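So the structure is just underneath, and the comments pick up after that.
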Amino acid sequence: MSANGIGAAVRRKEDFRFITGKGQYTDDINRPGQSYIHFLRSPHAHAKITGIYIKAAAAMPGVLAVLIGADLAADKVGSLICGWLIHSKDGSPMKMAPHPAIARDKACFVGDPVAVVIAETLAAARDAAEKVQVDYEVLPAVADPAKAQTKDAPQVHEVAPRNTIYQWHLGDAKAVDQAFKSAAHVTKLEIVNNRLVPNAMEPRAAIGDYDSGTSSFTLWNTTQNPHVARLVIAAFVGMAPEHKLRVIAPDVGGGFGSKIFIYPEEVVCLWAAKKVGRPVKWVSERSEAFLADAHGRDHVTHAEMALDAAGRIAALRVKTVANIGAYMSTFSSCVPTYLYATLLSGQYDIPHIYCEVDAVYTNTAPVDAYRGAGRPEATFVIERLIEVSARQLGVAPAEMRRKNFVDKFPHQTPVIMAYDAGDYDASLEKALELADFKNFAKRKRESGRNGKLRGLGFSAYIEACGIAPSQAVGSLGAGVGLWESAEVRVNPTGSVEILTGSHSHGQGHETTFAQLAAARLGIPIDDIAVVHGDTDKVQFGMGTYGSRSGAVGMSAIAKALDKVEAKAKKVASHLLEAAETDIVFKDGRFTVAGTDKSAAWSEVSLHAYIAHKFPGAELEPGLKEGAFYDPANFTFPAGCHICEVEIDPDTGVTRIANWVAVDDFGVVVNPMIVEGQVHGGIAQGIGQAMLEGAVYDGNGQLVTGSLMDYTMPRADNLPSFTVGTTVTKCPSNPLGIKGCGEAGAIAAPAAVVNAITDAIGSEEITMPATPQVVWAAIRKANARAAK
Amino acid sequence: MPAVSLTVNGKAVNATVEPRTLLVQLLRETLRLTGTHVGCDTSQCGCCVVHVDGKAIKSCTMLAMQADGATVLTIEGLANGEELHPMQEAFRENHGLQCGFCTPGMIMTAVDMVNRLGHELDERTIREELEGNICRCTGYHNIVKSIAAGARAMGTGGPSQQAAE
């Protein structure tokens, strides 16, 4: 391993600009003549718009335009769409209602835009928005997914009776019923997977610009996938032909899924820019983000596990209602289906699984992928079931898992996935060792002497990442392919630009992608630049989400590097006057095998461009190659997290005493960055388990609408983490990478709840397990015991 | 509109502002010092922390007019030319940042923490002192490491931090 190669903890190349305040986020960009837009949003969760009066606002100082949904419709601006078609079990397609960027007849959630004001300054736009008068006829609202399908529930959209978008299923119901009939033991759980607000620290933002001279648009946008945004805005919204729309994602301050989607605001900024003939800038306020960013999770689930007399899992039966919110966001349909039910087998050999999922509209913000997307929900179901079943059967939780682990690969689950490599025993054993499991009983006694309760919880998770083989996802309803592209441009002086369709918003691609190229080409890492996030520079790309940039994005780069090396060898063979087959490339030098004749990388690069040493008819000048890499399989990162908690039974206050994560991510490119990803994921998972929860009241008002009401994890809520790895290489991609971005958020919630329930001796814990929840559960358990 | 005069990163600044203009708006929009960020609207996140007369404050919660006559230090003024402040260097060395958005506020808070509490900061102190700064990427693990290391490095009296303050 070289100092900067694969496996080295290289310090990040991107950091200098961030630590000196020189990052360029969307709000840091200002265009000449820029105007500002303010979105007026519905204060009602469900209301007919019976009149909008804009004259007084339009007459306010500095106002350039006041626009409403009717203007959008008159200009034939298309609806936003969901790009993954799910079919119900009866074969009918999902019932997708139109999603106009500005509501025209009816507002469907608190935060639905109803008008926009564009003005010379943001303050002027806000002042004028106060003068817009909207007449609403308030309708009854439904926010709770568990109530959305009842006969009396308010209907969010006419196209979806009983608010039901689809009733989907996966697996063999008959075989599962049979297995339950002959089961020796059945464990049942009711689970609410709590609704979360992603809260990337940089709020969403957009600048729309229109050049009337060339009739072309430019959009600066906080997006995780600029090309997908361009495609949707061009092909579906119909704003501009694809070649007349440039999307730039500059530095983006975190995403966690919430910046994948194509939202109303960027569409309106582009449209308004053409209308007023000026660049239009929008920056979300945090409280606006709470209302209008796509939220995550929000499942209500009944789950059952059948076991045989030996404690082996015989079958799993799961019924989930998934809240989609008021409109179907870009990938909302696939999250509670193909990213969820397909992972219900966990790390275990389960012969039969049947899962039903009903997706429902409610009068709440749209719900879509948030770090983990479906896989945290699946992991929570299976890891809670196996833990509770172990307790019910009197088997040690670790032993229960060992007994059921998949230990032969490849392994075909009954829910689509074919696990290709892993060693689940290894990660469990290492986690037990790092958690000093053998002395846990001693620590528990010690806590007891201090009047505290101590508990330990496991989460042996698996995820499907590196999404995904295009043909496979196409057959499941995806509207796009999920390959990635790369281009390697070698300059005449030998420095290199890597253009990638992946997008970094904190993941450190400028460093890790450069490490790969530095290792392959034997050149200094500082001679490599990574270019991403601009549709005028990178031809196409699918963006970054689903822990795919290492496994898919870097595989595309590796493929392009193969082609560059092959071409460079041809140039070197002419330069060194040797047969191409005799050229050996190693550590940045081309050598003629068995001789001392050699040429440096930079010499060969120069000769590729000056083209003096080879006939143009035989070999094209230049050194630049591109590649598209379509994955052969999903990748399957897996591991074991152990959480140890200490609880004060008088207050319910829960302290995380220790956290151990052992993950198998396949080949690790930069351990420092990978550990950072694990830390951040765990923090979000602990947030879900103990702190965070988006709450709508019965009228569809968001009660947790700011950082003062919604508890984000802070430094003093969290411990330091012990992070270890085990490695089984991913066999399906050339680099052996599985992906690491979501693991912590997937593993953590089940580990926390398993630890708390272990400590208090009761399973009645809902997330977030706040002190109040824990205290109430302890009281209830004590009262039961006293009877 | 009222006029304000202040010193920002060692330079005299004169500007006219609306009475409702926040200090962070003056810094970002008038002076184009965009390293100071806005991450919330309730004074919770700490992305906008700068130093006013040597103390860390949230610049979203102070009117520009209140800073009249003050000396302001932002993230752009922390390094001594090309030479990073020890706290900046510590964040890079310890991978104390991912997306970078909360980072300027974190670093300014961290420097203030050291100025108030000294160079030997234990984990618990650092975590409690970060009450006013939110990070969504790092889980704080490496931020805590960075601040402890940066605090020690500041204690060795590197020239950069003296020049910056």
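Residues in the structure tokens are named by chain (A, B, ... in the order shown) and by number from 1 within that chain; ligands are numbered from 1 in the order shown.
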Wanna dump the chain B-chain A contacts at 8 Å for me, each residue with its shortest atom pair and the distance in Å to one decimal, counting only C-alpha atoms, ordered by chain and number, as a tab-separated table?
residue	atom	partner	partner_atom	distance
B:Arg28	CA	A:Asp28	CA	7.9
B:Thr34	CA	A:Asp28	CA	5.6
B:Gly35	CA	A:Gly21	CA	3.7
B:Thr36	CA	A:Gly21	CA	6.9
B:Val38	CA	A:Glu202	CA	7.7
B:Gly39	CA	A:Met201	CA	5.6
B:Cys40	CA	A:Arg286	CA	4.6
B:Asp41	CA	A:Arg286	CA	5.9
B:Thr42	CA	A:Leu707	CA	6.9
B:Gln44	CA	A:Leu707	CA	6.4
B:Cys45	CA	A:Leu707	CA	7.9
B:Ile75	CA	A:Gly21	CA	5.6
B:Glu76	CA	A:Gly21	CA	5.5
B:Leu78	CA	A:Thr20	CA	7.6
B:Ala79	CA	A:Thr20	CA	7.3
B:Gln88	CA	A:Ile19	CA	5.8
B:Phe91	CA	A:Ile19	CA	7.6
B:Arg92	CA	A:Asp15	CA	6.2
B:Glu93	CA	A:Arg11	CA	6.5
B:His95	CA	A:Met672	CA	7.2
B:Leu97	CA	A:Asp15	CA	7.7
B:Gln98	CA	A:Gly506	CA	4.3
B:Cys99	CA	A:Gly506	CA	3.5
B:Gly100	CA	A:Phe18	CA	5.3
B:Phe101	CA	A:Gly253	CA	5.2
B:Cys102	CA	A:Met201	CA	6.7
B:Thr103	CA	A:Ile19	CA	6.5
B:Pro104	CA	A:Gly21	CA	6.3
B:Ile107	CA	A:Ile19	CA	7.8
B:Arg124	CA	A:Asp716	CA	7.5
B:Arg127	CA	A:Asp716	CA	4.8
B:Glu128	CA	A:Asp716	CA	5.5
B:Leu130	CA	A:Ala715	CA	6.2
B:Glu131	CA	A:Arg714	CA	6.5
B:Asn133	CA	A:Arg714	CA	7.6
B:Ile134	CA	A:Arg714	CA	6.0
B:Cys135	CA	A:Met201	CA	6.8
B:Arg136	CA	A:Ala200	CA	6.1
B:Cys137	CA	A:Gly680	CA	5.0
B:Thr138	CA	A:Gly680	CA	4.4
B:Gly139	CA	A:Gly680	CA	4.3
B:Tyr140	CA	A:Ala715	CA	5.7
B:His141	CA	A:Ser720	CA	5.4
B:Asn142	CA	A:Gly676	CA	7.4
Can you check which residues of segment 485-586 of chain A DSSP gives as strand (DSSP E or B) on the backbone and send them as an MDAnalysis selection string?
-> chainID A and resid 485:490 496:500 528:531 534 583:586
Could you dump the residues just selected with N, CA and C atoms as an mmCIF file, in the first residue's frame?
data_model
loop_
_atom_site.group_PDB
_atom_site.id
_atom_site.type_symbol
_atom_site.label_atom_id
_atom_site.label_comp_id
_atom_site.auth_asym_id
_atom_site.auth_seq_id
_atom_site.Cartn_x
_atom_site.Cartn_y
_atom_site.Cartn_z
ATOM 1 N N SER A 485 -21.215 6.616 -14.520
ATOM 2 C CA SER A 485 -20.280 6.935 -15.591
ATOM 3 C C SER A 485 -19.037 7.601 -15.029
ATOM 4 N N ALA A 486 -17.960 7.512 -15.810
ATOM 5 C CA ALA A 486 -16.727 8.206 -15.449
ATOM 6 C C ALA A 486 -15.962 8.536 -16.717
ATOM 7 N N GLU A 487 -15.171 9.586 -16.623
ATOM 8 C CA GLU A 487 -14.274 9.911 -17.723
ATOM 9 C C GLU A 487 -12.942 10.278 -17.099
ATOM 10 N N VAL A 488 -11.877 9.735 -17.665
ATOM 11 C CA VAL A 488 -10.541 10.084 -17.186
ATOM 12 C C VAL A 488 -9.856 10.881 -18.290
ATOM 13 N N ARG A 489 -9.565 12.141 -17.989
ATOM 14 C CA ARG A 489 -8.893 13.010 -18.960
ATOM 15 C C ARG A 489 -7.462 13.229 -18.500
ATOM 16 N N VAL A 490 -6.514 12.790 -19.332
ATOM 17 C CA VAL A 490 -5.109 13.002 -18.996
ATOM 18 C C VAL A 490 -4.650 14.246 -19.754
ATOM 19 N N VAL A 496 -4.180 14.771 -14.187
ATOM 20 C CA VAL A 496 -5.367 13.996 -14.571
ATOM 21 C C VAL A 496 -6.621 14.621 -13.992
ATOM 22 N N GLU A 497 -7.667 14.670 -14.802
ATOM 23 C CA GLU A 497 -8.988 15.043 -14.297
ATOM 24 C C GLU A 497 -9.899 13.833 -14.374
ATOM 25 N N ILE A 498 -10.565 13.561 -13.266
ATOM 26 C CA ILE A 498 -11.543 12.474 -13.251
ATOM 27 C C ILE A 498 -12.920 13.100 -13.205
ATOM 28 N N LEU A 499 -13.723 12.855 -14.215
ATOM 29 C CA LEU A 499 -15.089 13.358 -14.224
ATOM 30 C C LEU A 499 -16.004 12.211 -13.816
ATOM 31 N N THR A 500 -16.837 12.478 -12.850
ATOM 32 C CA THR A 500 -17.675 11.404 -12.325
ATOM 33 C C THR A 500 -19.130 11.827 -12.239
ATOM 34 N N ILE A 528 -4.132 15.085 -9.354
ATOM 35 C CA ILE A 528 -5.422 14.564 -9.809
ATOM 36 C C ILE A 528 -6.541 15.474 -9.297
ATOM 37 N N ALA A 529 -7.420 15.862 -10.188
ATOM 38 C CA ALA A 529 -8.597 16.640 -9.780
ATOM 39 C C ALA A 529 -9.846 15.822 -10.074
ATOM 40 N N VAL A 530 -10.792 15.878 -9.158
ATOM 41 C CA VAL A 530 -12.064 15.179 -9.358
ATOM 42 C C VAL A 530 -13.127 16.227 -9.686
ATOM 43 N N VAL A 531 -13.798 16.019 -10.812
ATOM 44 C CA VAL A 531 -14.791 16.985 -11.283
ATOM 45 C C VAL A 531 -16.165 16.336 -11.205
ATOM 46 N N ASP A 534 -21.762 19.046 -12.356
ATOM 47 C CA ASP A 534 -22.075 20.050 -13.381
ATOM 48 C C ASP A 534 -22.426 19.301 -14.666
ATOM 49 N N ILE A 583 5.245 -3.976 -23.218
ATOM 50 C CA ILE A 583 5.233 -2.798 -22.335
ATOM 51 C C ILE A 583 4.614 -3.165 -20.984
ATOM 52 N N VAL A 584 5.367 -2.869 -19.929
ATOM 53 C CA VAL A 584 4.869 -3.107 -18.568
ATOM 54 C C VAL A 584 4.672 -1.740 -17.900
ATOM 55 N N PHE A 585 3.509 -1.533 -17.315
ATOM 56 C CA PHE A 585 3.240 -0.256 -16.639
ATOM 57 C C PHE A 585 3.177 -0.489 -15.140
ATOM 58 N N LYS A 586 4.056 0.159 -14.410
ATOM 59 C CA LYS A 586 4.098 -0.029 -12.961
ATOM 60 C C LYS A 586 4.643 1.228 -12.300
#
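Going from atom CA of Leu196 of chain A over to atom CA of Gly479 of chain A, you cover 26.2 Å.
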Can you check which residues of segment 309-506 of chain A DSSP gives as alpha helix (DSSP H) on the backbone and send them as a ChimeraX atom specification?
-> /A:375-393,397-404,424-434,440-449,470-475
Might you pull out every residue within 7 Å of Thr16 of chain B, with only C-alpha atoms counted and same-chain residues fewer than 2 positions away left off, and present them as a VMD selection string?
-> chain B and resid 1 to 4
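Among the candidate residues B:Thr71, B:Thr109, B:Asn14, B:Ser59, the one lying nearest to Ile143 of chain B is B:Thr109, with distances computed using only C-alpha atoms.
Here atom CA of Asp630 of chain A stands at a distance of 25.7 Å from atom CA of Gln347 of chain A.
Atom to atom, atom CA of Glu742 of chain A and atom CA of Phe634 of chain A stand 14.4 Å apart.
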Excluding segment 337-345 of chain A and residues on its chain fewer than 2 positions from it, collect all residues at most 7 Å away from it, counting only C-alpha atoms, and give them as a PDB file with N, CA and C atoms, in the first residue's frame.
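Output (out30.pdb):
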ATOM      1  N   CYS A 334     -40.483   3.213  -4.171  1.00  0.00           N
ATOM      2  CA  CYS A 334     -39.607   2.033  -4.067  1.00  0.00           C
ATOM      3  C   CYS A 334     -39.064   1.843  -2.662  1.00  0.00           C
ATOM      4  N   VAL A 335     -39.125   2.904  -1.825  1.00  0.00           N
ATOM      5  CA  VAL A 335     -38.492   2.806  -0.502  1.00  0.00           C
ATOM      6  C   VAL A 335     -39.189   1.770   0.391  1.00  0.00           C
ATOM      7  N   GLN A 347     -29.588 -11.210   8.232  1.00  0.00           N
ATOM      8  CA  GLN A 347     -28.412 -12.076   8.047  1.00  0.00           C
ATOM      9  C   GLN A 347     -28.794 -13.558   8.181  1.00  0.00           C
ATOM     10  N   TYR A 348     -30.083 -13.848   8.123  1.00  0.00           N
ATOM     11  CA  TYR A 348     -30.544 -15.177   8.527  1.00  0.00           C
ATOM     12  C   TYR A 348     -31.070 -16.019   7.371  1.00  0.00           C
ATOM     13  N   ILE A 350     -33.792 -17.826   6.229  1.00  0.00           N
ATOM     14  CA  ILE A 350     -35.225 -17.933   6.497  1.00  0.00           C
ATOM     15  C   ILE A 350     -35.899 -18.519   5.253  1.00  0.00           C
ATOM     16  N   CYS A 355     -44.459 -10.489   2.713  1.00  0.00           N
ATOM     17  CA  CYS A 355     -44.601  -9.111   3.180  1.00  0.00           C
ATOM     18  C   CYS A 355     -45.640  -8.381   2.343  1.00  0.00           C
ATOM     19  N   VAL A 357     -47.342  -4.542   1.756  1.00  0.00           N
ATOM     20  CA  VAL A 357     -47.144  -3.113   2.041  1.00  0.00           C
ATOM     21  C   VAL A 357     -48.253  -2.303   1.375  1.00  0.00           C
ATOM     22  N   ALA A 373     -33.072   4.285   3.921  1.00  0.00           N
ATOM     23  CA  ALA A 373     -34.219   4.154   3.014  1.00  0.00           C
ATOM     24  C   ALA A 373     -34.781   2.736   2.900  1.00  0.00           C
ATOM     25  N   GLY A 374     -35.638   2.351   3.792  1.00  0.00           N
ATOM     26  CA  GLY A 374     -36.244   1.023   3.724  1.00  0.00           C
ATOM     27  C   GLY A 374     -35.456  -0.017   4.500  1.00  0.00           C
ATOM     28  N   ARG A 375     -34.143   0.070   4.405  1.00  0.00           N
ATOM     29  CA  ARG A 375     -33.295  -0.927   5.072  1.00  0.00           C
ATOM     30  C   ARG A 375     -33.227  -0.738   6.591  1.00  0.00           C
ATOM     31  N   GLU A 377     -35.742   0.282   8.305  1.00  0.00           N
ATOM     32  CA  GLU A 377     -37.047  -0.218   8.720  1.00  0.00           C
ATOM     33  C   GLU A 377     -37.042  -1.750   8.731  1.00  0.00           C
ATOM     34  N   ALA A 378     -36.456  -2.361   7.689  1.00  0.00           N
ATOM     35  CA  ALA A 378     -36.387  -3.823   7.620  1.00  0.00           C
ATOM     36  C   ALA A 378     -35.518  -4.376   8.741  1.00  0.00           C
ATOM     37  N   THR A 379     -34.382  -3.739   8.958  1.00  0.00           N
ATOM     38  CA  THR A 379     -33.467  -4.198  10.004  1.00  0.00           C
ATOM     39  C   THR A 379     -34.138  -4.112  11.368  1.00  0.00           C
ATOM     40  N   ILE A 382     -36.593  -7.190  11.707  1.00  0.00           N
ATOM     41  CA  ILE A 382     -35.996  -8.520  11.893  1.00  0.00           C
ATOM     42  C   ILE A 382     -35.142  -8.575  13.164  1.00  0.00           C
ATOM     43  N   THR A 413     -32.247 -15.504  -0.951  1.00  0.00           N
ATOM     44  CA  THR A 413     -33.319 -15.340   0.035  1.00  0.00           C
ATOM     45  C   THR A 413     -34.666 -15.524  -0.670  1.00  0.00           C
ATOM     46  N   VAL A 415     -36.827 -13.371  -0.781  1.00  0.00           N
ATOM     47  CA  VAL A 415     -37.296 -12.029  -1.154  1.00  0.00           C
ATOM     48  C   VAL A 415     -36.289 -11.347  -2.089  1.00  0.00           C
ATOM     49  N   ILE A 416     -36.048 -11.984  -3.230  1.00  0.00           N
ATOM     50  CA  ILE A 416     -35.283 -11.465  -4.372  1.00  0.00           C
ATOM     51  C   ILE A 416     -33.763 -11.483  -4.218  1.00  0.00           C
ATOM     52  N   MET A 417     -33.244 -11.032  -3.069  1.00  0.00           N
ATOM     53  CA  MET A 417     -31.799 -10.797  -2.975  1.00  0.00           C
ATOM     54  C   MET A 417     -30.980 -12.092  -2.983  1.00  0.00           C
ATOM     55  N   GLU A 463     -27.502  -4.819   4.512  1.00  0.00           N
ATOM     56  CA  GLU A 463     -28.124  -3.841   3.619  1.00  0.00           C
ATOM     57  C   GLU A 463     -27.810  -4.241   2.188  1.00  0.00           C
TER      58      GLU A 463
END
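Excluding Ser5 of chain B and any residue on its chain fewer than 4 positions from it, the residues at most 9 Å away by only C-alpha atoms are Ala12, Val13, Asn14, Ala15, Thr16, Met65, Ala67, Asp68, Gly69 and Ala70 of chain B.
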Let me see the file: selected residues, N, CA and C atoms, as a PDB file, in the first residue's frame.
ATOM      1  N   ALA B  12     -11.131  47.905   8.379  1.00  0.00           N
ATOM      2  CA  ALA B  12     -12.226  48.819   8.712  1.00  0.00           C
ATOM      3  C   ALA B  12     -13.326  48.692   7.666  1.00  0.00           C
ATOM      4  N   VAL B  13     -14.565  48.615   8.144  1.00  0.00           N
ATOM      5  CA  VAL B  13     -15.706  48.446   7.248  1.00  0.00           C
ATOM      6  C   VAL B  13     -16.749  49.509   7.586  1.00  0.00           C
ATOM      7  N   ASN B  14     -17.230  50.196   6.549  1.00  0.00           N
ATOM      8  CA  ASN B  14     -18.354  51.128   6.728  1.00  0.00           C
ATOM      9  C   ASN B  14     -19.469  50.675   5.808  1.00  0.00           C
ATOM     10  N   ALA B  15     -20.691  50.639   6.334  1.00  0.00           N
ATOM     11  CA  ALA B  15     -21.813  50.203   5.505  1.00  0.00           C
ATOM     12  C   ALA B  15     -23.087  50.862   5.989  1.00  0.00           C
ATOM     13  N   THR B  16     -24.052  50.991   5.080  1.00  0.00           N
ATOM     14  CA  THR B  16     -25.386  51.408   5.513  1.00  0.00           C
ATOM     15  C   THR B  16     -26.267  50.177   5.476  1.00  0.00           C
ATOM     16  N   MET B  65     -26.462  46.644  13.446  1.00  0.00           N
ATOM     17  CA  MET B  65     -26.255  47.911  14.160  1.00  0.00           C
ATOM     18  C   MET B  65     -25.682  47.697  15.562  1.00  0.00           C
ATOM     19  N   ALA B  67     -23.436  45.733  16.211  1.00  0.00           N
ATOM     20  CA  ALA B  67     -22.000  45.489  16.071  1.00  0.00           C
ATOM     21  C   ALA B  67     -21.248  46.775  15.708  1.00  0.00           C
ATOM     22  N   ASP B  68     -21.933  47.885  15.718  1.00  0.00           N
ATOM     23  CA  ASP B  68     -21.285  49.166  15.403  1.00  0.00           C
ATOM     24  C   ASP B  68     -20.125  49.395  16.374  1.00  0.00           C
ATOM     25  N   GLY B  69     -18.972  49.632  15.814  1.00  0.00           N
ATOM     26  CA  GLY B  69     -17.789  49.877  16.640  1.00  0.00           C
ATOM     27  C   GLY B  69     -17.081  48.621  17.120  1.00  0.00           C
ATOM     28  N   ALA B  70     -17.628  47.469  16.788  1.00  0.00           N
ATOM     29  CA  ALA B  70     -17.054  46.215  17.301  1.00  0.00           C
ATOM     30  C   ALA B  70     -15.940  45.697  16.399  1.00  0.00           C
TER      31      ALA B  70
END
Neighbour list for Gly62 of chain A as a short mmCIF file (atom, residue, chain, number, x, y, z; two decimals) with N, CA and C atoms, in the first residue's frame, cut-off 7 Å, only C-alpha atoms, skip fewer than 6 positions in-chain:
data_model
loop_
_atom_site.label_atom_id
_atom_site.label_comp_id
_atom_site.auth_asym_id
_atom_site.auth_seq_id
_atom_site.Cartn_x
_atom_site.Cartn_y
_atom_site.Cartn_z
N ALA A 119 -38.89 39.53 -5.86
CA ALA A 119 -38.64 40.95 -5.60
C ALA A 119 -37.14 41.24 -5.63
N GLU A 120 -36.84 42.54 -5.54
CA GLU A 120 -35.44 42.98 -5.60
C GLU A 120 -34.62 42.47 -4.42
N ALA A 124 -38.07 42.46 0.75
CA ALA A 124 -39.20 43.02 -0.02
C ALA A 124 -40.17 41.91 -0.42
#
